[in-house]
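Containing PDB, C-alpha atoms: target18.pdb.
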ATOM      1  CA  MET I 174      -6.078  22.794  15.581
ATOM      2  CA  LYS I 175      -7.687  26.159  14.789
ATOM      3  CA  ARG I 176      -6.115  28.532  12.352
ATOM      4  CA  ALA I 177      -7.299  31.539  10.404
ATOM      5  CA  ALA I 178      -9.040  30.419   7.242
ATOM      6  CA  ALA I 179      -7.475  32.915   4.850
ATOM      7  CA  PRO I 180      -3.791  31.903   5.236
ATOM      8  CA  LEU I 181      -4.646  28.231   4.858
ATOM      9  CA  ILE I 182      -6.723  28.824   1.732
ATOM     10  CA  PHE I 183      -3.975  30.941   0.219
ATOM     11  CA  PHE I 184      -1.354  28.326   0.947
ATOM     12  CA  MET I 185      -3.321  25.463  -0.494
ATOM     13  CA  ALA I 186      -4.109  27.536  -3.566
ATOM     14  CA  LEU I 187      -0.379  27.811  -4.092
ATOM     15  CA  LEU I 188      -0.068  24.031  -4.129
ATOM     16  CA  CYS I 189      -3.099  23.054  -6.183
ATOM     17  CA  PRO I 190      -1.918  24.275  -9.620
ATOM     18  CA  VAL I 191       1.247  22.178  -9.377
ATOM     19  CA  LYS I 192      -0.007  18.993 -10.982
ATOM     20  CA  PHE I 193       3.146  16.957 -10.537
ATOM     21  CA  ALA I 194       3.004  17.366  -6.756
ATOM     22  CA  SER I 195      -0.510  15.961  -6.388
ATOM     23  CA  ALA I 196      -1.111  13.552  -3.537
ATOM     24  CA  GLY I 197      -2.480  10.978  -5.986
ATOM     25  CA  ASN I 198       0.773  10.777  -7.939
ATOM     26  CA  ILE I 199       2.821  10.577  -4.770
ATOM     27  CA  ASP I 200       0.627   7.830  -3.337
ATOM     28  CA  ASP I 201       0.807   5.914  -6.628
ATOM     29  CA  ILE I 202       4.607   5.998  -6.568
ATOM     30  CA  ARG I 203       4.776   5.018  -2.913
ATOM     31  CA  SER I 204       2.448   2.079  -3.565
ATOM     32  CA  ASN I 205       4.530   1.041  -6.567
ATOM     33  CA  VAL I 206       7.746   1.088  -4.546
ATOM     34  CA  TYR I 207       6.313  -1.161  -1.833
ATOM     35  CA  ALA I 208       4.755  -3.496  -4.421
ATOM     36  CA  TRP I 209       8.105  -3.601  -6.267
ATOM     37  CA  ALA I 210       9.845  -4.625  -3.039
ATOM     38  CA  ASP I 211       7.215  -7.308  -2.365
ATOM     39  CA  ALA I 212       7.671  -8.759  -5.861
ATOM     40  CA  TRP I 213      11.445  -8.840  -5.300
ATOM     41  CA  GLN I 214      11.035 -10.483  -1.901
ATOM     42  CA  ASN I 215       8.612 -13.074  -3.331
ATOM     43  CA  ARG I 216      10.883 -13.789  -6.345
ATOM     44  CA  ASN I 217       8.048 -13.063  -8.751
ATOM     45  CA  ILE I 218      10.132 -12.119 -11.766
ATOM     46  CA  LYS I 219       7.173 -11.315 -14.055
ATOM     47  CA  HIS I 220       5.552  -8.995 -11.532
ATOM     48  CA  TYR I 221       8.923  -7.535 -10.539
ATOM     49  CA  MET I 222       9.863  -6.609 -14.121
ATOM     50  CA  SER I 223       6.431  -5.048 -14.714
ATOM     51  CA  PHE I 224       7.631  -2.103 -12.612
ATOM     52  CA  TYR I 225      10.455  -1.363 -15.093
ATOM     53  CA  SER I 226      10.294   0.715 -18.247
ATOM     54  CA  PRO I 227      11.438  -0.895 -21.530
ATOM     55  CA  ALA I 228      13.889   2.034 -21.676
ATOM     56  CA  PHE I 229      15.472   1.009 -18.350
ATOM     57  CA  ARG I 230      19.258   1.382 -18.005
ATOM     58  CA  SER I 231      21.447   0.666 -14.971
ATOM     59  CA  LYS I 232      25.127  -0.214 -14.600
ATOM     60  CA  GLY I 233      25.509  -0.916 -18.297
ATOM     61  CA  LEU I 234      22.437  -3.164 -18.458
ATOM     62  CA  ASP I 235      19.290  -2.511 -20.478
ATOM     63  CA  PHE I 236      15.860  -3.976 -19.745
ATOM     64  CA  ASN I 237      16.689  -7.405 -21.204
ATOM     65  CA  GLY I 238      20.043  -7.531 -19.452
ATOM     66  CA  TRP I 239      18.371  -6.647 -16.148
ATOM     67  CA  LEU I 240      15.738  -9.331 -16.756
ATOM     68  CA  GLN I 241      18.406 -11.975 -17.356
ATOM     69  CA  LYS I 242      20.418 -10.907 -14.318
ATOM     70  CA  LYS I 243      17.414 -10.923 -11.978
ATOM     71  CA  THR I 244      16.030 -14.177 -13.376
ATOM     72  CA  GLU I 245      19.304 -15.913 -12.499
ATOM     73  CA  PHE I 246      19.372 -14.207  -9.110
ATOM     74  CA  PHE I 247      15.793 -15.220  -8.232
ATOM     75  CA  GLN I 248      16.639 -18.862  -8.918
ATOM     76  CA  ARG I 249      19.147 -18.986  -6.077
ATOM     77  CA  PRO I 250      18.035 -20.963  -3.000
ATOM     78  CA  GLY I 251      17.004 -19.344   0.258
ATOM     79  CA  ASN I 252      14.642 -16.627   1.396
ATOM     80  CA  ILE I 253      14.970 -12.935   0.561
ATOM     81  CA  ARG I 254      13.855 -10.092   2.785
ATOM     82  CA  VAL I 255      13.599  -6.492   1.567
ATOM     83  CA  GLN I 256      12.632  -3.721   3.962
ATOM     84  CA  ILE I 257      12.045  -0.077   3.071
ATOM     85  CA  SER I 258      12.109   2.949   5.358
ATOM     86  CA  ASP I 259      12.446   6.734   5.044
ATOM     87  CA  LEU I 260      10.774   6.772   1.648
ATOM     88  CA  TRP I 261      11.130  10.143  -0.082
ATOM     89  CA  VAL I 262       9.262  10.954  -3.308
ATOM     90  CA  PHE I 263      10.115  13.909  -5.540
ATOM     91  CA  ILE I 264       8.066  14.581  -8.693
ATOM     92  CA  GLU I 265       8.783  16.945 -11.552
ATOM     93  CA  GLY I 266       6.552  16.693 -14.599
ATOM     94  CA  LYS I 267       6.496  13.139 -15.939
ATOM     95  CA  ASN I 268       9.649  12.192 -14.049
ATOM     96  CA  ALA I 269       9.982  11.215 -10.417
ATOM     97  CA  THR I 270      12.636  10.124  -7.951
ATOM     98  CA  ALA I 271      12.010   7.753  -5.055
ATOM     99  CA  ARG I 272      14.790   7.574  -2.485
ATOM    100  CA  PHE I 273      14.748   5.348   0.595
ATOM    101  CA  VAL I 274      16.783   3.253   2.989
ATOM    102  CA  GLN I 275      16.829  -0.362   1.838
ATOM    103  CA  ARG I 276      17.610  -3.256   4.174
ATOM    104  CA  TYR I 277      18.332  -6.434   2.267
ATOM    105  CA  GLN I 278      18.900  -9.950   3.606
ATOM    106  CA  ASP I 279      19.438 -13.339   2.023
ATOM    107  CA  PRO I 280      21.183 -16.511   3.313
ATOM    108  CA  LYS I 281      24.630 -15.024   2.649
ATOM    109  CA  VAL I 282      24.340 -11.249   2.625
ATOM    110  CA  LEU I 283      22.863  -8.584   4.862
ATOM    111  CA  ASP I 284      23.310  -4.959   3.857
ATOM    112  CA  VAL I 285      21.807  -1.531   4.377
ATOM    113  CA  GLY I 286      21.965   1.155   1.729
ATOM    114  CA  GLU I 287      20.309   4.121   0.087
ATOM    115  CA  LYS I 288      18.343   3.125  -3.006
ATOM    116  CA  THR I 289      17.352   5.692  -5.612
ATOM    117  CA  LEU I 290      14.736   4.821  -8.229
ATOM    118  CA  VAL I 291      14.144   7.184 -11.144
ATOM    119  CA  LEU I 292      10.689   6.727 -12.642
ATOM    120  CA  VAL I 293       8.888   7.982 -15.722
ATOM    121  CA  ASN I 294       5.152   8.288 -16.226
ATOM    122  CA  SER I 295       4.016   6.456 -19.351
ATOM    123  CA  LYS I 296       0.380   5.755 -20.133
ATOM    124  CA  ASP I 297      -0.639   6.776 -16.586
ATOM    125  CA  LYS I 298       1.729   4.269 -14.994
ATOM    126  CA  TRP I 299       4.965   5.042 -13.182
ATOM    127  CA  ARG I 300       7.822   2.773 -14.268
ATOM    128  CA  ILE I 301      11.459   2.571 -13.178
ATOM    129  CA  ILE I 302      13.872   3.871 -15.794
ATOM    130  CA  SER I 303      17.050   3.620 -13.684
ATOM    131  CA  GLU I 304      18.132   2.690 -10.184
ATOM    132  CA  GLU I 305      21.174   3.217  -7.986
ATOM    133  CA  TRP I 306      22.238   1.773  -4.638
ATOM    134  CA  LYS I 307      24.996   2.930  -2.311
ATOM    135  CA  PRO I 308      25.864   1.384   1.050
ATOM    136  CA  LEU I 309      25.117   3.049   4.360
ATOM    137  CA  ALA I 310      26.910   0.258   6.209
ATOM    138  CA  MET I 311      29.374  -2.471   5.263
ATOM    139  CA  PRO I 312      27.660  -5.705   4.150
ATOM    140  CA  VAL I 313      27.641  -8.553   6.642
ATOM    141  CA  ARG I 314      28.592 -11.861   5.037
ATOM    142  CA  THR I 315      28.390 -15.307   6.546
ATOM    143  CA  THR I 316      29.937 -18.613   5.551
ATOM    144  CA  GLY I 317      26.931 -20.828   6.250
ATOM    145  CA  THR I 318      23.184 -20.529   5.940
ATOM    146  CA  GLN I 319      22.791 -18.498   9.133
ATOM    147  CA  VAL I 320      22.332 -14.775   8.751
ATOM    148  CA  VAL I 321      22.657 -12.094  11.394
ATOM    149  CA  PRO I 322      18.999 -11.039  11.953
ATOM    150  CA  LEU I 323      17.774  -7.557  11.244
ATOM    151  CA  ASN I 324      16.454  -5.487  14.103
ATOM    152  CA  GLN I 325      12.863  -5.744  12.999
ATOM    153  CA  LYS I 326      10.340  -3.385  14.528
ATOM    154  CA  LYS I 327       6.587  -3.383  14.139
ATOM    155  CA  SER I 328       5.363  -2.908  10.602
ATOM    156  CA  THR I 329       2.178  -1.366   9.359
ATOM    157  CA  SER I 330      -0.247  -3.248   7.150
ATOM    158  CA  ASP I 331       1.545  -2.119   3.987
ATOM    159  CA  ASN I 332       4.914  -3.420   5.225
ATOM    160  CA  ARG I 333       6.293  -0.019   6.190
ATOM    161  CA  PRO I 334       8.710  -0.264   9.119
ATOM    162  CA  SER I 335       8.215   1.714  12.306
ATOM    163  CA  ASP I 336       9.726   5.203  12.375
ATOM    164  CA  THR I 337      10.033   5.477  16.165
ATOM    165  CA  ALA I 338      13.734   4.526  16.267
ATOM    166  CA  ILE I 339      16.318   7.274  16.150
ATOM    167  CA  ARG I 340      17.196   7.788  12.541
ATOM    168  CA  LYS I 341      18.723  10.404  10.322
ATOM    169  CA  VAL I 342      18.410  10.837   6.592
ATOM    170  CA  THR I 343      20.620  13.409   4.937
ATOM    171  CA  ILE I 344      20.504  14.366   1.281
ATOM    172  CA  ASN I 345      23.369  16.692   0.433
ATOM    173  CA  THR I 346      22.231  19.750  -1.465
ATOM    174  CA  LYS I 347      24.549  22.755  -1.726
ATOM    175  CA  THR I 348      23.516  26.125  -3.070
ATOM    176  CA  PRO I 349      25.596  29.320  -3.301
ATOM    177  CA  ASN I 350      22.621  31.472  -2.236
ATOM    178  CA  LYS I 351      21.279  31.849   1.263
ATOM    179  CA  THR I 352      18.067  30.021   2.045
ATOM    180  CA  ILE I 353      15.093  31.999   3.259
ATOM    181  CA  VAL I 354      12.321  30.199   5.114
ATOM    182  CA  LYS I 355       9.227  32.100   4.046
ATOM    183  CA  SER I 356       6.649  30.359   6.187
ATOM    184  CA  ILE I 357       5.824  27.277   8.220
ATOM    185  CA  LYS I 358       2.201  26.127   8.031
ATOM    186  CA  ILE I 359       0.297  23.042   9.085
ATOM    187  CA  LYS I 360      -2.699  21.156   7.757
ATOM    188  CA  THR I 361      -4.624  18.699   9.909
ATOM    189  CA  GLU I 362      -6.684  15.801   8.636
ATOM    190  CA  LYS I 363      -8.500  12.978  10.352
ATOM    191  CA  ASP I 364      -5.615  10.498  10.291
ATOM    192  CA  TYR I 365      -2.555  12.675   9.694
ATOM    193  CA  GLU I 366      -1.026  16.129  10.088
ATOM    194  CA  GLU I 367       1.224  17.752   7.508
ATOM    195  CA  VAL I 368       3.713  20.594   7.932
ATOM    196  CA  PHE I 369       4.597  22.766   4.921
ATOM    197  CA  ILE I 370       7.834  24.769   4.855
ATOM    198  CA  ALA I 371       8.051  27.323   2.045
ATOM    199  CA  LEU I 372      11.575  28.255   0.893
ATOM    200  CA  ASN I 373      13.055  30.726  -1.572
ATOM    201  CA  ASN I 374      15.262  28.128  -3.290
ATOM    202  CA  TYR I 375      15.868  24.406  -3.564
ATOM    203  CA  SER I 376      17.079  23.012  -0.243
ATOM    204  CA  ILE I 377      16.488  19.499   1.070
ATOM    205  CA  PRO I 378      16.395  19.417   4.899
ATOM    206  CA  GLU I 379      18.063  16.943   7.228
ATOM    207  CA  VAL I 380      15.471  14.994   9.235
ATOM    208  CA  GLN I 381      15.861  13.136  12.516
ATOM    209  CA  SER I 382      13.166  11.443  14.598
ATOM    210  CA  ILE I 383      13.724  10.824  18.309
ATOM    211  CA  GLU I 384      11.737   8.485  20.538
ATOM    212  CA  GLY I 385      11.419   8.328  24.311
ATOM    213  CA  ASN I 386       9.474  10.356  26.846
ATOM    214  CA  ARG I 387       9.711  13.420  24.593
ATOM    215  CA  PRO I 388       9.128  12.094  21.075
ATOM    216  CA  ARG I 389       9.900  14.635  18.409
ATOM    217  CA  ILE I 390      10.942  15.134  14.834
ATOM    218  CA  VAL I 391      13.840  17.507  14.217
ATOM    219  CA  ILE I 392      14.253  19.212  10.847
ATOM    220  CA  TYR I 393      17.441  21.107   9.944
ATOM    221  CA  ILE I 394      17.464  23.544   7.040
ATOM    222  CA  ASN I 395      20.974  24.527   5.960
ATOM    223  CA  ASN I 396      22.457  27.823   4.828
ATOM    224  CA  VAL I 397      19.895  30.020   6.609
ATOM    225  CA  SER I 398      21.317  33.393   7.653
ATOM    226  CA  SER I 399      18.200  34.845   9.297
ATOM    227  CA  TRP I 400      14.806  33.786  10.628
ATOM    228  CA  SER I 401      12.012  36.145  11.679
ATOM    229  CA  GLY I 402       9.243  33.640  12.354
ATOM    230  CA  GLN I 403       7.807  32.521  15.659
ATOM    231  CA  ASN I 404      10.078  30.569  17.984
ATOM    232  CA  LYS I 405       7.159  28.532  19.316
ATOM    233  CA  MET I 406       3.800  27.714  17.738
ATOM    234  CA  SER I 407       1.165  25.908  19.800
ATOM    235  CA  ILE I 408      -0.600  23.409  17.563
ATOM    236  CA  ASN I 409      -2.410  21.062  19.932
ATOM    237  CA  GLY I 410      -3.226  18.695  17.099
ATOM    238  CA  LYS I 411      -3.930  14.995  17.420
ATOM    239  CA  LEU I 412      -0.270  14.115  16.792
ATOM    240  CA  ILE I 413       1.728  17.364  16.916
ATOM    241  CA  LYS I 414       1.371  19.477  20.047
ATOM    242  CA  GLN I 415       3.738  22.309  19.111
ATOM    243  CA  ILE I 416       6.397  23.485  16.661
ATOM    244  CA  ARG I 417       9.611  25.081  17.944
ATOM    245  CA  THR I 418      12.244  26.878  15.878
ATOM    246  CA  CYS I 419      15.763  28.072  16.595
ATOM    247  CA  LEU I 420      18.340  29.547  14.242
ATOM    248  CA  GLN I 421      21.847  28.244  14.981
ATOM    249  CA  ARG I 422      23.794  31.248  13.744
ATOM    250  CA  ASP I 423      27.247  29.663  14.020
ATOM    251  CA  THR I 424      26.301  26.861  11.607
ATOM    252  CA  GLU I 425      23.561  28.792   9.752
ATOM    253  CA  LYS I 426      21.055  26.016  10.368
ATOM    254  CA  LEU I 427      17.411  26.574  11.185
ATOM    255  CA  ARG I 428      16.280  23.913  13.641
ATOM    256  CA  ILE I 429      12.568  23.081  13.466
ATOM    257  CA  VAL I 430      11.235  20.717  16.122
ATOM    258  CA  LEU I 431       7.868  19.002  15.877
ATOM    259  CA  ASP I 432       6.960  17.962  19.420
ATOM    260  CA  LEU I 433       4.737  14.887  19.222
ATOM    261  CA  LYS I 434       2.029  14.025  21.706
ATOM    262  CA  TYR I 435       2.578  10.309  22.065
ATOM    263  CA  ALA I 436       5.502   7.884  22.183
ATOM    264  CA  ASP I 437       3.993   5.712  19.469
ATOM    265  CA  ASP I 438       4.774   4.292  16.043
ATOM    266  CA  TYR I 439       4.629   6.921  13.313
ATOM    267  CA  ILE I 440       4.796   6.898   9.533
ATOM    268  CA  ILE I 441       6.708   9.901   8.174
ATOM    269  CA  ASP I 442       6.096  10.900   4.545
ATOM    270  CA  GLN I 443       8.296  13.589   2.970
ATOM    271  CA  THR I 444       7.798  15.373  -0.343
ATOM    272  CA  TYR I 445       9.351  18.345  -2.085
ATOM    273  CA  ASP I 446       7.578  20.558  -4.600
ATOM    274  CA  ARG I 447      10.531  21.685  -6.747
ATOM    275  CA  LYS I 448       8.495  24.237  -8.688
ATOM    276  CA  ALA I 449       7.098  26.046  -5.637
ATOM    277  CA  ASN I 450      10.087  25.199  -3.352
ATOM    278  CA  ILE I 451       7.847  23.786  -0.647
ATOM    279  CA  TYR I 452       9.028  20.956   1.573
ATOM    280  CA  SER I 453       6.330  19.005   3.396
ATOM    281  CA  ILE I 454       6.415  16.309   6.031
ATOM    282  CA  ALA I 455       3.306  14.324   6.949
ATOM    283  CA  ILE I 456       2.953  12.488  10.255
ATOM    284  CA  ARG I 457       0.621   9.495  10.419
TER
END
For this file, produce the structure as structure tokens.
Amino acid sequence: MKRAAAPLIFFMALLCPVKFASAGNIDDIRSNVYAWADAWQNRNIKHYMSFYSPAFRSKGLDFNGWLQKKTEFFQRPGNIRVQISDLWVFIEGKNATARFVQRYQDPKVLDVGEKTLVLVNSKDKWRIISEEWKPLAMPVRTTGTQVVPLNQKKSTSDNRPSDTAIRKVTINTKTPNKTIVKSIKIKTEKDYEEVFIALNNYSIPEVQSIEGNRPRIVIYINNVSSWSGQNKMSINGKLIKQIRTCLQRDTEKLRIVLDLKYADDYIIDQTYDRKANIYSIAIR
């Protein structure tokens, strides 16, 4: 992709001073979340608890109460499987939030829910200070040792599930003010492409990926009353061939479509810079 140098330099200069949104911090948190899930799945209680802060609190339990609860849980017979998808990382200062879809399975329970981990940076290490889970589907329980299998797709080397299936992640965020989309820009790298959407206020988009002969990622930004940007931007990148936009005036939603080149497996990384109000989505 070829773009004018000046706009790109200006845009990246806007991001660089925001320390808490650095790619290194985000990658550290993502790695921690997947390692945390692996420790849970492998019933390694010592390694699992190393991801938690001594100040951890959840559902009336402190660190020691959580340790006792999980120690008893890990001693139960049978295999555990923990799968993570749609991982979203939001960083503000020394605090961070990781939100994702969690698929859990053991010999008696299979459930799917949204897990939220709140982390704090202490001594250059991100640790979980609280966590919350809410169901996205009713748990499936069985009476014997057989469990209804998960629909498992191909995974990448770091155990991240495929993102080619139709999926939708919605984080409800309401604001009394209208949202203005200031710009939509793209950065291309060797192994990924990243789209940056600059907003005037805090607004988390709805994201949907669609597979098939016309693979695409659809982004909806709510509460948008007007849009003066281009309706179609030819990108011709390695992964993204064009970006289309359309303002749905009846619902006040700006629809942004990333048309992908190939019907393949993709990793989708989303971040939000709260200070600069910039949402970004990276396609790998």
Name all residues at most 10 Å from range 382-394 of chain I (count all atoms listed in the file; drop same-chain ones fewer than 6 positions away) and give them as a ChimeraX atom specification.
/I:336-343,352-354,370,372,376,413-421,425-439,441,454,456
Residue contacts of Phe229 in chain I (10 Å, all atoms listed in the file) excluding same-chain residues fewer than 3 positions away, as a list in words:
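Residues near the query, excluding close chain neighbours: Tyr225, Ser226, Leu234, Asp235, Phe236, Asn237, Gly238, Trp239, Val291, Leu292, Val293, Arg300, Ile301, Ile302, Ser303 and Glu304 of chain I.
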Using the file's own x, y and z axes, what box holds all listed atoms of range 420-432 of chain I with 6 Å on each side, keeping edges along x, y and z, and what are its centre and edge lengths in Å to one decimal, as AutoDock Vina command-line options?
--center_x 17.1 --center_y 24.6 --center_z 14.6 --size_x 32.3 --size_y 25.3 --size_z 21.7
What's around range 270-277 of chain I at 8 Å? Count all atoms listed in the file, leave out sequence neighbours fewer than 3 positions away in its own chain, and write the answer as a list in words.
Ile202, Val206, Ile253, Arg254, Val255, Gln256, Ile257, Ser258, Asp259, Leu260, Trp261, Val262, Phe263, Ile264, Val282, Leu283, Asp284, Val285, Gly286, Glu287, Lys288, Thr289, Leu290, Val291 and Leu292 of chain I
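A straight line drawn from CA of Asp423 in chain I to CA of Lys358 in chain I is 26.0 Å long.
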Which residue of I:Glu305, I:Leu412, I:Ser356, I:Ile440 approaches Arg230 in chain I most closely, using all atoms listed in the file:
I:Glu305
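Atom pair CA of Ile359 in chain I / CA of Ile408 in chain I has a distance of 8.5 Å (rounded to one decimal).
Atom pair CA of Lys405 in chain I / CA of Lys360 in chain I: separated by 16.9 Å.
Closest approach to Ser295 in chain I from the set I:Asn252, I:Ser453, I:Lys411, I:Ala228 is made by I:Ala228, with distances taken over only C-alpha atoms.
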Reference answer for the PyMOL selection byres ((chain I and resi 218) around 12), as a short mmCIF file (atom, residue, chain, number, x, y, z; two decimals) with C-alpha atoms, in the frame of the given file:
data_model
loop_
_atom_site.label_atom_id
_atom_site.label_comp_id
_atom_site.auth_asym_id
_atom_site.auth_seq_id
_atom_site.Cartn_x
_atom_site.Cartn_y
_atom_site.Cartn_z
CA TRP I 209 8.10 -3.60 -6.27
CA ALA I 210 9.85 -4.62 -3.04
CA ASP I 211 7.22 -7.31 -2.37
CA ALA I 212 7.67 -8.76 -5.86
CA TRP I 213 11.44 -8.84 -5.30
CA GLN I 214 11.04 -10.48 -1.90
CA ASN I 215 8.61 -13.07 -3.33
CA ARG I 216 10.88 -13.79 -6.34
CA ASN I 217 8.05 -13.06 -8.75
CA LYS I 219 7.17 -11.32 -14.06
CA HIS I 220 5.55 -8.99 -11.53
CA TYR I 221 8.92 -7.54 -10.54
CA MET I 222 9.86 -6.61 -14.12
CA SER I 223 6.43 -5.05 -14.71
CA PHE I 224 7.63 -2.10 -12.61
CA TYR I 225 10.46 -1.36 -15.09
CA TRP I 239 18.37 -6.65 -16.15
CA LEU I 240 15.74 -9.33 -16.76
CA GLN I 241 18.41 -11.98 -17.36
CA LYS I 242 20.42 -10.91 -14.32
CA LYS I 243 17.41 -10.92 -11.98
CA THR I 244 16.03 -14.18 -13.38
CA GLU I 245 19.30 -15.91 -12.50
CA PHE I 246 19.37 -14.21 -9.11
CA PHE I 247 15.79 -15.22 -8.23
CA GLN I 248 16.64 -18.86 -8.92
#
Can you tell me, as a ChimeraX atom specification, which residues sit within 8 Å of (18.6, 35.8, 5.0) in the file's frame, using all atoms listed in the file?
/I:351-353,397-400
Specify as JSON, numbers by chain each residue included when the PyMOL selection byres ((chain I and resi 251) around 9) is applied to this file.
{"I": [249, 250, 252, 253, 279, 280, 318]}
Pull C-alpha atoms from the residues just selected and write them as a PDB file, in the frame of the given file.
ATOM      1  CA  ARG I 249      19.147 -18.986  -6.077  1.00  0.00           C
ATOM      2  CA  PRO I 250      18.035 -20.963  -3.000  1.00  0.00           C
ATOM      3  CA  ASN I 252      14.642 -16.627   1.396  1.00  0.00           C
ATOM      4  CA  ILE I 253      14.970 -12.935   0.561  1.00  0.00           C
ATOM      5  CA  ASP I 279      19.438 -13.339   2.023  1.00  0.00           C
ATOM      6  CA  PRO I 280      21.183 -16.511   3.313  1.00  0.00           C
ATOM      7  CA  THR I 318      23.184 -20.529   5.940  1.00  0.00           C
TER       8      THR I 318
END
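Across I:Asp200, I:Tyr365, I:Thr424, I:Lys267, the tightest approach to Asp297 in chain I is made by I:Lys267 when counting only C-alpha atoms.
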Judged by all atoms listed in the file, the minimum distance to Val380 in chain I among I:Tyr207, I:Lys307, I:Gln443, I:Lys281 is found for I:Gln443
From the list I:Gly402, I:Pro308, I:Pro227, I:Gly233, which residue is nearest Ile357 in chain I when using all atoms listed in the file?
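Under the stated criterion, the closest residue is I:Gly402.
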Name the closest residue to Gly410 in chain I among the candidates I:Gln381, I:Tyr375, I:Asp364, I:Lys448; distances are taken between atoms, counting only C-alpha atoms.
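When distances to Gly410 in chain I are compared using only C-alpha atoms, the smallest one comes from I:Asp364.
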